[in-house]
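Asker: Below: one structure in C-alpha coordinates.
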Amino acid sequence: MSWCFETDAEFEASLAWIDEFTKKEIEPLDLVFRGPGDPFDPNSPAAKAMAPLKEIVKEKGLWACHLEHELGGQGYGQVNLGLMNEILGRSRFGPSVFGCQAPDSGNAEILAKFGTDDQKARFLAPLLNGDIASCYSMTEPQAGADPAEFTCTATQEGDEWVISGEKWFASHARFSEFLLVMVVTSPDKPIHQGASIILVPKDTPGMEILRNSAVGPYVEQGDGVHAYIRFDNCRVPAENLLGEEGQGFLVAQTRLGGGRVHHAMRSVGKLKKAMDMMCERAVSRTTKGELLGDKQFTQEKIADSYTQILQYRLHVLYTAWLIDKHKEYNREVRKEIAAIKAATPKVLQEVVYRAMHLHGSLGMSDEIPLMYMWGDIPELGVVDGPTEVHKITVARTVLRDYEPAPGLFPSYHTPTQREAAMKKYGHFLES
(Lines give C-alpha, C1' and ligand atoms only; values in the text may rest on other atoms or scores of the structure.)
Protein backbone atom coordinates (compact mmCIF):
# COMPACT_ATOMS: atom_id res chain seq x y z
CA MET A 1 0.00 0.00 0.00
CA SER A 2 1.35 3.43 -0.96
CA TRP A 3 0.47 6.52 1.04
CA CYS A 4 2.50 9.71 0.81
CA PHE A 5 2.06 13.42 1.56
CA GLU A 6 5.32 14.50 -0.06
CA THR A 7 5.90 16.39 -3.30
CA ASP A 8 8.74 15.27 -5.55
CA ALA A 9 11.83 17.46 -5.29
CA GLU A 10 11.68 18.79 -8.85
CA PHE A 11 8.12 20.06 -8.55
CA GLU A 12 8.80 21.33 -5.03
CA ALA A 13 11.46 23.56 -6.58
CA SER A 14 8.89 24.78 -9.12
CA LEU A 15 6.46 25.58 -6.30
CA ALA A 16 9.15 27.59 -4.50
CA TRP A 17 9.76 29.56 -7.69
CA ILE A 18 5.99 30.09 -8.20
CA ASP A 19 5.66 31.38 -4.63
CA GLU A 20 8.45 33.93 -5.02
CA PHE A 21 7.30 34.93 -8.52
CA THR A 22 3.71 35.43 -7.32
CA LYS A 23 4.68 37.60 -4.35
CA LYS A 24 7.24 39.74 -6.19
CA GLU A 25 5.80 40.04 -9.71
CA ILE A 26 2.09 39.16 -9.68
CA GLU A 27 0.64 40.43 -6.41
CA PRO A 28 1.73 44.04 -7.18
CA LEU A 29 -0.62 43.92 -10.18
CA ASP A 30 -3.55 43.84 -7.72
CA LEU A 31 -2.50 47.24 -6.41
CA VAL A 32 -2.25 48.90 -9.84
CA PHE A 33 -5.07 47.38 -11.92
CA ARG A 34 -8.24 47.38 -9.82
CA GLY A 35 -11.05 47.06 -12.38
CA PRO A 36 -13.21 43.92 -12.12
CA GLY A 37 -12.22 42.71 -15.58
CA ASP A 38 -8.53 43.61 -15.53
CA PRO A 39 -7.12 40.09 -14.98
CA PHE A 40 -9.22 38.65 -17.84
CA ASP A 41 -9.79 41.34 -20.48
CA PRO A 42 -7.24 41.09 -23.36
CA ASN A 43 -7.82 44.79 -24.07
CA SER A 44 -7.19 45.95 -20.50
CA PRO A 45 -4.00 47.90 -19.77
CA ALA A 46 -3.20 45.06 -17.38
CA ALA A 47 -2.83 42.70 -20.34
CA LYS A 48 0.34 44.50 -21.43
CA ALA A 49 1.75 44.29 -17.92
CA MET A 50 0.99 40.56 -17.76
CA ALA A 51 2.41 39.73 -21.20
CA PRO A 52 6.10 39.48 -20.21
CA LEU A 53 5.16 37.56 -17.05
CA LYS A 54 3.21 35.03 -19.14
CA GLU A 55 6.25 34.50 -21.36
CA ILE A 56 8.38 33.73 -18.32
CA VAL A 57 5.80 31.19 -17.13
CA LYS A 58 5.72 29.55 -20.57
CA GLU A 59 9.50 29.31 -20.67
CA LYS A 60 9.37 27.60 -17.27
CA GLY A 61 6.92 25.01 -18.64
CA LEU A 62 4.24 26.02 -16.15
CA TRP A 63 1.64 27.42 -18.55
CA ALA A 64 -1.89 25.87 -18.80
CA CYS A 65 -1.03 23.04 -16.43
CA HIS A 66 -4.71 22.12 -16.05
CA LEU A 67 -4.82 20.49 -19.51
CA GLU A 68 -3.40 17.16 -20.63
CA HIS A 69 -0.63 17.09 -23.24
CA GLU A 70 -3.02 16.00 -25.98
CA LEU A 71 -5.24 19.00 -25.23
CA GLY A 72 -2.40 21.50 -25.46
CA GLY A 73 -1.44 21.71 -21.78
CA GLN A 74 1.40 20.49 -19.58
CA GLY A 75 -0.35 17.40 -18.21
CA TYR A 76 0.70 18.00 -14.59
CA GLY A 77 -2.49 16.55 -13.12
CA GLN A 78 -4.93 17.97 -10.59
CA VAL A 79 -2.82 17.44 -7.46
CA ASN A 80 0.08 19.44 -8.85
CA LEU A 81 -2.38 22.03 -10.15
CA GLY A 82 -3.88 22.24 -6.66
CA LEU A 83 -0.47 22.89 -5.13
CA MET A 84 0.10 25.61 -7.72
CA ASN A 85 -3.34 27.18 -7.34
CA GLU A 86 -3.05 27.52 -3.57
CA ILE A 87 -0.17 29.89 -4.32
CA LEU A 88 -1.75 31.62 -7.32
CA GLY A 89 -4.98 32.16 -5.36
CA ARG A 90 -3.22 34.88 -3.36
CA SER A 91 -3.70 37.25 -6.32
CA ARG A 92 -6.57 38.00 -8.70
CA PHE A 93 -3.98 37.93 -11.50
CA GLY A 94 -2.23 34.69 -10.52
CA PRO A 95 -4.31 32.22 -12.56
CA SER A 96 -4.32 34.51 -15.63
CA VAL A 97 -0.52 34.84 -15.62
CA PHE A 98 -0.28 31.01 -15.51
CA GLY A 99 -3.00 30.38 -18.12
CA CYS A 100 -5.41 28.52 -15.80
CA GLN A 101 -8.03 31.22 -15.14
CA ALA A 102 -11.77 30.64 -14.97
CA PRO A 103 -13.89 30.38 -17.03
CA ASP A 104 -11.35 29.99 -19.85
CA SER A 105 -9.77 26.86 -18.35
CA GLY A 106 -13.04 24.92 -18.42
CA ASN A 107 -14.17 26.32 -21.76
CA ALA A 108 -10.88 25.18 -23.28
CA GLU A 109 -11.58 21.64 -22.11
CA ILE A 110 -15.00 21.67 -23.79
CA LEU A 111 -13.61 22.99 -27.07
CA ALA A 112 -10.72 20.54 -26.99
CA LYS A 113 -13.06 17.58 -26.58
CA PHE A 114 -16.10 18.64 -28.61
CA GLY A 115 -15.03 21.41 -31.01
CA THR A 116 -14.46 21.04 -34.76
CA ASP A 117 -11.01 21.48 -36.29
CA ASP A 118 -12.04 24.95 -37.48
CA GLN A 119 -13.32 25.93 -34.02
CA LYS A 120 -10.12 24.70 -32.41
CA ALA A 121 -8.01 26.75 -34.81
CA ARG A 122 -10.19 29.86 -34.52
CA PHE A 123 -10.94 29.80 -30.80
CA LEU A 124 -9.07 27.11 -28.85
CA ALA A 125 -5.54 27.89 -30.00
CA PRO A 126 -5.68 31.62 -29.11
CA LEU A 127 -7.58 30.81 -25.89
CA LEU A 128 -4.87 28.39 -24.78
CA ASN A 129 -2.25 30.97 -25.66
CA GLY A 130 -3.97 33.60 -23.50
CA ASP A 131 -4.71 35.92 -26.44
CA ILE A 132 -8.51 35.92 -26.10
CA ALA A 133 -11.15 35.50 -23.40
CA SER A 134 -14.28 33.32 -23.35
CA CYS A 135 -17.63 33.09 -21.56
CA TYR A 136 -19.77 30.26 -20.21
CA SER A 137 -23.42 31.32 -20.18
CA MET A 138 -25.86 29.08 -18.32
CA THR A 139 -27.96 30.84 -15.66
CA GLU A 140 -31.09 32.84 -16.49
CA PRO A 141 -32.72 35.84 -14.77
CA GLN A 142 -35.96 34.06 -13.89
CA ALA A 143 -34.34 30.70 -13.08
CA GLY A 144 -30.95 31.31 -11.54
CA ALA A 145 -29.10 27.99 -11.71
CA ASP A 146 -32.25 25.80 -11.75
CA PRO A 147 -32.18 24.07 -15.16
CA ALA A 148 -35.82 23.01 -14.87
CA GLU A 149 -36.81 26.70 -15.18
CA PHE A 150 -34.66 27.52 -18.23
CA THR A 151 -36.55 29.12 -21.11
CA CYS A 152 -33.76 30.21 -23.47
CA THR A 153 -34.27 27.98 -26.52
CA ALA A 154 -32.52 27.05 -29.74
CA THR A 155 -34.45 25.73 -32.72
CA GLN A 156 -32.78 24.16 -35.74
CA GLU A 157 -33.76 25.70 -39.05
CA GLY A 158 -31.90 24.10 -41.92
CA ASP A 159 -28.17 24.41 -41.29
CA GLU A 160 -28.60 26.96 -38.49
CA TRP A 161 -29.56 27.10 -34.82
CA VAL A 162 -31.83 30.01 -33.90
CA ILE A 163 -31.45 31.13 -30.27
CA SER A 164 -34.09 33.15 -28.40
CA GLY A 165 -34.27 34.04 -24.72
CA GLU A 166 -32.24 35.65 -21.97
CA LYS A 167 -29.15 34.75 -19.95
CA TRP A 168 -27.94 36.23 -16.67
CA PHE A 169 -24.54 36.66 -15.00
CA ALA A 170 -22.64 35.53 -18.08
CA SER A 171 -19.15 36.22 -16.76
CA HIS A 172 -16.72 38.06 -19.08
CA ALA A 173 -19.17 38.15 -22.00
CA ARG A 174 -18.43 41.81 -22.74
CA PHE A 175 -14.82 41.13 -23.75
CA SER A 176 -15.07 37.48 -24.82
CA GLU A 177 -14.36 36.26 -28.33
CA PHE A 178 -17.03 33.58 -27.99
CA LEU A 179 -19.70 32.31 -25.58
CA LEU A 180 -20.70 28.74 -24.75
CA VAL A 181 -24.45 29.01 -24.21
CA MET A 182 -26.66 26.41 -22.53
CA VAL A 183 -30.00 26.33 -24.37
CA VAL A 184 -33.15 24.21 -24.42
CA THR A 185 -33.26 22.32 -27.71
CA SER A 186 -35.96 19.71 -26.86
CA PRO A 187 -38.55 21.37 -24.60
CA ASP A 188 -40.72 18.23 -24.64
CA LYS A 189 -38.01 16.21 -22.84
CA PRO A 190 -36.68 16.40 -19.26
CA ILE A 191 -34.15 19.22 -19.10
CA HIS A 192 -31.14 16.92 -18.59
CA GLN A 193 -32.03 15.25 -21.89
CA GLY A 194 -33.27 18.33 -23.69
CA ALA A 195 -30.55 20.95 -23.22
CA SER A 196 -27.52 21.58 -25.42
CA ILE A 197 -24.45 23.81 -25.52
CA ILE A 198 -23.93 26.03 -28.55
CA LEU A 199 -20.91 28.18 -29.41
CA VAL A 200 -21.87 31.80 -30.18
CA PRO A 201 -19.10 34.07 -31.53
CA LYS A 202 -19.02 37.67 -30.30
CA ASP A 203 -20.96 40.28 -32.25
CA THR A 204 -23.31 37.65 -33.69
CA PRO A 205 -26.47 39.51 -34.84
CA GLY A 206 -29.34 38.98 -32.45
CA MET A 207 -27.17 38.82 -29.32
CA GLU A 208 -27.34 41.94 -27.13
CA ILE A 209 -25.72 42.64 -23.78
CA LEU A 210 -28.34 44.61 -21.85
CA ARG A 211 -26.02 45.49 -18.96
CA ASN A 212 -23.05 44.27 -16.93
CA SER A 213 -23.28 43.63 -13.20
CA ALA A 214 -20.42 43.63 -10.71
CA VAL A 215 -19.96 41.62 -7.53
CA GLY A 216 -20.24 44.19 -4.75
CA PRO A 217 -20.37 47.96 -5.12
CA TYR A 218 -18.22 49.76 -7.67
CA VAL A 219 -17.93 53.47 -8.40
CA GLU A 220 -20.18 53.24 -11.44
CA GLN A 221 -23.00 50.73 -11.73
CA GLY A 222 -22.70 48.74 -14.94
CA ASP A 223 -18.91 48.51 -14.77
CA GLY A 224 -18.94 44.81 -13.88
CA VAL A 225 -18.11 41.73 -15.93
CA HIS A 226 -21.26 39.62 -15.46
CA ALA A 227 -23.58 40.20 -18.40
CA TYR A 228 -27.33 40.20 -18.73
CA ILE A 229 -27.85 39.02 -22.33
CA ARG A 230 -30.83 38.87 -24.66
CA PHE A 231 -30.90 36.58 -27.69
CA ASP A 232 -33.45 37.58 -30.33
CA ASN A 233 -33.45 35.17 -33.29
CA CYS A 234 -29.68 34.86 -32.96
CA ARG A 235 -28.48 32.55 -35.75
CA VAL A 236 -25.33 30.41 -35.67
CA PRO A 237 -24.19 27.50 -37.90
CA ALA A 238 -25.48 24.03 -37.01
CA GLU A 239 -21.90 22.85 -36.48
CA ASN A 240 -21.65 25.20 -33.48
CA LEU A 241 -23.52 22.60 -31.42
CA LEU A 242 -20.92 21.12 -29.06
CA GLY A 243 -21.46 17.44 -28.40
CA GLU A 244 -24.73 15.71 -29.17
CA GLU A 245 -28.09 17.47 -29.17
CA GLY A 246 -29.70 17.07 -25.75
CA GLN A 247 -26.39 16.21 -24.05
CA GLY A 248 -25.55 19.71 -22.86
CA PHE A 249 -25.20 18.75 -19.20
CA LEU A 250 -22.91 15.87 -20.09
CA VAL A 251 -20.73 18.31 -22.03
CA ALA A 252 -20.95 20.85 -19.20
CA GLN A 253 -19.66 18.31 -16.68
CA THR A 254 -16.37 18.47 -18.58
CA ARG A 255 -15.87 21.98 -17.22
CA LEU A 256 -18.06 22.28 -14.13
CA GLY A 257 -16.37 19.52 -12.13
CA GLY A 258 -12.91 20.93 -12.77
CA GLY A 259 -14.10 24.50 -12.32
CA ARG A 260 -15.50 23.77 -8.87
CA VAL A 261 -12.37 22.09 -7.59
CA HIS A 262 -10.24 24.88 -9.07
CA HIS A 263 -12.29 27.45 -7.12
CA ALA A 264 -11.50 25.48 -3.98
CA MET A 265 -7.80 25.26 -4.85
CA ARG A 266 -7.56 29.03 -5.26
CA SER A 267 -9.52 29.52 -2.04
CA VAL A 268 -6.76 27.74 -0.14
CA GLY A 269 -4.47 30.54 -1.32
CA LYS A 270 -6.88 33.17 -0.02
CA LEU A 271 -7.14 31.40 3.31
CA LYS A 272 -3.39 31.19 3.71
CA LYS A 273 -3.07 34.88 2.86
CA ALA A 274 -5.69 35.79 5.49
CA MET A 275 -3.85 33.57 8.00
CA ASP A 276 -0.55 35.32 7.22
CA MET A 277 -2.14 38.72 7.86
CA MET A 278 -3.77 37.51 11.07
CA CYS A 279 -0.51 36.14 12.47
CA GLU A 280 1.58 39.16 11.52
CA ARG A 281 -0.97 41.36 13.26
CA ALA A 282 -0.91 39.11 16.34
CA VAL A 283 2.84 39.45 16.81
CA SER A 284 2.93 43.17 15.94
CA ARG A 285 0.08 44.83 17.81
CA THR A 286 0.16 45.59 21.54
CA THR A 287 -2.97 46.35 23.52
CA LYS A 288 -3.77 46.28 27.26
CA GLY A 289 -0.10 45.81 28.01
CA GLU A 290 0.60 42.72 25.93
CA LEU A 291 0.83 41.48 22.33
CA LEU A 292 -2.38 40.36 20.70
CA GLY A 293 -0.70 36.99 20.13
CA ASP A 294 -0.31 36.51 23.89
CA LYS A 295 -4.04 36.83 24.50
CA GLN A 296 -5.96 33.58 24.71
CA PHE A 297 -8.85 34.80 22.55
CA THR A 298 -6.34 35.59 19.80
CA GLN A 299 -4.65 32.22 20.22
CA GLU A 300 -8.04 30.53 19.88
CA LYS A 301 -8.69 32.37 16.61
CA ILE A 302 -5.30 31.35 15.24
CA ALA A 303 -5.62 27.73 16.36
CA ASP A 304 -9.14 27.38 14.92
CA SER A 305 -8.08 28.98 11.64
CA TYR A 306 -4.98 26.81 11.29
CA THR A 307 -7.00 23.65 11.90
CA GLN A 308 -9.79 24.59 9.50
CA ILE A 309 -7.38 25.59 6.73
CA LEU A 310 -5.39 22.37 7.03
CA GLN A 311 -8.51 20.19 7.03
CA TYR A 312 -9.94 22.03 4.04
CA ARG A 313 -6.63 21.96 2.14
CA LEU A 314 -6.23 18.21 2.63
CA HIS A 315 -9.80 17.61 1.44
CA VAL A 316 -9.14 19.68 -1.68
CA LEU A 317 -5.92 17.78 -2.45
CA TYR A 318 -7.66 14.45 -1.78
CA THR A 319 -10.33 15.41 -4.30
CA ALA A 320 -7.65 16.38 -6.83
CA TRP A 321 -5.97 13.02 -6.21
CA LEU A 322 -9.25 11.22 -6.93
CA ILE A 323 -9.59 13.05 -10.25
CA ASP A 324 -6.05 12.07 -11.22
CA LYS A 325 -6.77 8.47 -10.16
CA HIS A 326 -10.09 7.97 -11.94
CA LYS A 327 -9.53 10.26 -14.93
CA GLU A 328 -13.24 11.03 -14.91
CA TYR A 329 -15.91 12.72 -12.81
CA ASN A 330 -17.52 9.54 -11.47
CA ARG A 331 -19.86 9.38 -8.48
CA GLU A 332 -17.05 9.21 -5.92
CA VAL A 333 -15.27 12.22 -7.44
CA ARG A 334 -18.47 14.27 -7.77
CA LYS A 335 -19.29 13.66 -4.10
CA GLU A 336 -15.97 15.10 -2.93
CA ILE A 337 -16.13 18.01 -5.38
CA ALA A 338 -19.58 18.88 -4.06
CA ALA A 339 -18.35 18.60 -0.47
CA ILE A 340 -15.40 20.98 -0.88
CA LYS A 341 -17.51 23.36 -2.96
CA ALA A 342 -20.07 23.52 -0.13
CA ALA A 343 -17.32 23.99 2.46
CA THR A 344 -15.58 26.84 0.61
CA PRO A 345 -17.71 29.87 1.56
CA LYS A 346 -18.07 28.75 5.18
CA VAL A 347 -14.35 28.30 5.87
CA LEU A 348 -13.57 31.57 4.08
CA GLN A 349 -16.23 33.40 6.06
CA GLU A 350 -14.88 32.21 9.39
CA VAL A 351 -11.16 32.67 8.72
CA VAL A 352 -11.42 36.01 6.93
CA TYR A 353 -13.74 37.39 9.61
CA ARG A 354 -11.30 36.43 12.37
CA ALA A 355 -8.51 38.19 10.48
CA MET A 356 -10.68 41.29 10.00
CA HIS A 357 -11.67 41.32 13.67
CA LEU A 358 -8.07 41.19 14.87
CA HIS A 359 -7.26 44.21 12.70
CA GLY A 360 -10.04 46.32 14.20
CA SER A 361 -11.03 49.34 12.11
CA LEU A 362 -8.07 48.76 9.79
CA GLY A 363 -9.51 45.35 8.93
CA MET A 364 -12.74 46.81 7.61
CA SER A 365 -11.04 49.64 5.74
CA ASP A 366 -9.86 49.69 2.13
CA GLU A 367 -6.24 49.97 3.24
CA ILE A 368 -5.67 46.21 3.55
CA PRO A 369 -7.10 43.42 1.32
CA LEU A 370 -9.42 41.73 3.82
CA MET A 371 -12.62 43.53 2.84
CA TYR A 372 -12.00 42.66 -0.80
CA MET A 373 -11.60 39.04 0.20
CA TRP A 374 -14.77 39.28 2.30
CA GLY A 375 -16.69 40.58 -0.71
CA ASP A 376 -15.80 37.49 -2.76
CA ILE A 377 -17.28 35.04 -0.25
CA PRO A 378 -20.99 35.31 -1.24
CA GLU A 379 -20.03 34.79 -4.89
CA LEU A 380 -18.28 31.52 -4.07
CA GLY A 381 -21.46 30.30 -2.38
CA VAL A 382 -23.39 30.73 -5.64
CA VAL A 383 -21.14 30.30 -8.70
CA ASP A 384 -21.10 26.82 -10.27
CA GLY A 385 -24.19 25.93 -8.26
CA PRO A 386 -25.40 27.16 -4.86
CA THR A 387 -24.07 25.58 -1.67
CA GLU A 388 -27.43 23.96 -0.87
CA VAL A 389 -27.42 21.99 -4.14
CA HIS A 390 -23.95 20.63 -3.45
CA LYS A 391 -24.93 19.59 0.08
CA ILE A 392 -27.88 17.66 -1.36
CA THR A 393 -25.50 15.93 -3.78
CA VAL A 394 -23.19 14.92 -0.94
CA ALA A 395 -26.00 13.64 1.26
CA ARG A 396 -27.69 11.63 -1.48
CA THR A 397 -24.39 10.05 -2.52
CA VAL A 398 -23.51 9.15 1.07
CA LEU A 399 -26.95 7.67 1.75
CA ARG A 400 -26.67 5.34 -1.26
CA ASP A 401 -24.14 3.29 0.72
CA TYR A 402 -26.61 2.53 3.53
CA GLU A 403 -29.41 -0.03 3.90
CA PRO A 404 -32.57 0.28 6.02
CA ALA A 405 -32.58 -1.44 9.40
CA PRO A 406 -33.59 -5.12 8.99
CA GLY A 407 -36.19 -5.02 11.75
CA LEU A 408 -38.19 -2.86 14.09
CA PHE A 409 -35.11 -1.56 15.92
CA PRO A 410 -31.88 -0.15 14.46
CA SER A 411 -28.99 -2.48 13.64
CA TYR A 412 -27.07 -0.79 16.44
CA HIS A 413 -29.85 -1.46 18.99
CA THR A 414 -27.89 -2.36 22.14
CA PRO A 415 -30.24 -5.02 23.66
CA THR A 416 -30.40 -6.86 20.31
CA GLN A 417 -26.63 -6.64 19.85
CA ARG A 418 -26.01 -7.78 23.44
CA GLU A 419 -28.21 -10.84 22.95
CA ALA A 420 -26.17 -11.84 19.92
CA ALA A 421 -22.93 -11.12 21.75
CA MET A 422 -23.99 -13.24 24.70
CA LYS A 423 -24.63 -16.21 22.42
CA LYS A 424 -21.11 -15.79 21.05
CA TYR A 425 -19.13 -15.07 24.22
CA GLY A 426 -21.50 -15.51 27.17
CA HIS A 427 -20.28 -18.98 28.04
CA PHE A 428 -17.05 -17.41 29.27
CA LEU A 429 -19.05 -15.78 32.08
CA GLU A 430 -20.24 -19.17 33.31
CA SER A 431 -16.69 -20.30 33.95
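Labels for the C-alpha coordinates follow display order: chains A, B, ..., residues from 1 in each chain, ligands from 1.
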Just want the 6 Å neighbourhood of A:Leu180, counted on only C-alpha atoms, with same-chain residues fewer than 5 positions away dropped. Output as a VMD selection string.

Answerer: chain A and resid 136 to 137 198 to 199

Asker: Among stretch 190-244 of chain A, which residues carry a DSSP assignment of helix (DSSP H, G or I), reported as a list in words?

Answerer: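 Everything in stretch 190-244 of chain A that counts as helix (DSSP H, G or I) is Ile191, His192, Gln193, Gly194, Ala238, Glu239 and Asn240 of chain A.
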
Asker: Would you mind listing what lies within 9 Å of stretch 91-104 of chain A as an MDAnalysis selection string, with only C-alpha atoms counted and same-chain residues fewer than 4 positions away left out?

Answerer: chainID A and resid 22:23 26:30 38:40 50:51 53:55 57:58 62:67 85 87 108:109 127:130 133:136 171:172 255 259 262:263 266 269:270

Asker: May I ask which of the residues A:Glu20, A:Glu86, A:Asp159, A:Glu25 is the closest one to A:Leu314, counting only C-alpha atoms?

Answerer: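 Using only C-alpha atoms, the shortest distance to A:Leu314 belongs to A:Glu86.
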
Asker: Could you tell me, as a PyMOL selection string, which residues of stretch 42-253 of chain A DSSP assigns to strand (DSSP E) when given the backbone?

Answerer: chain A and resi 134-137+153-157+160-171+178-184+195-201+207-213+226-237+241-242
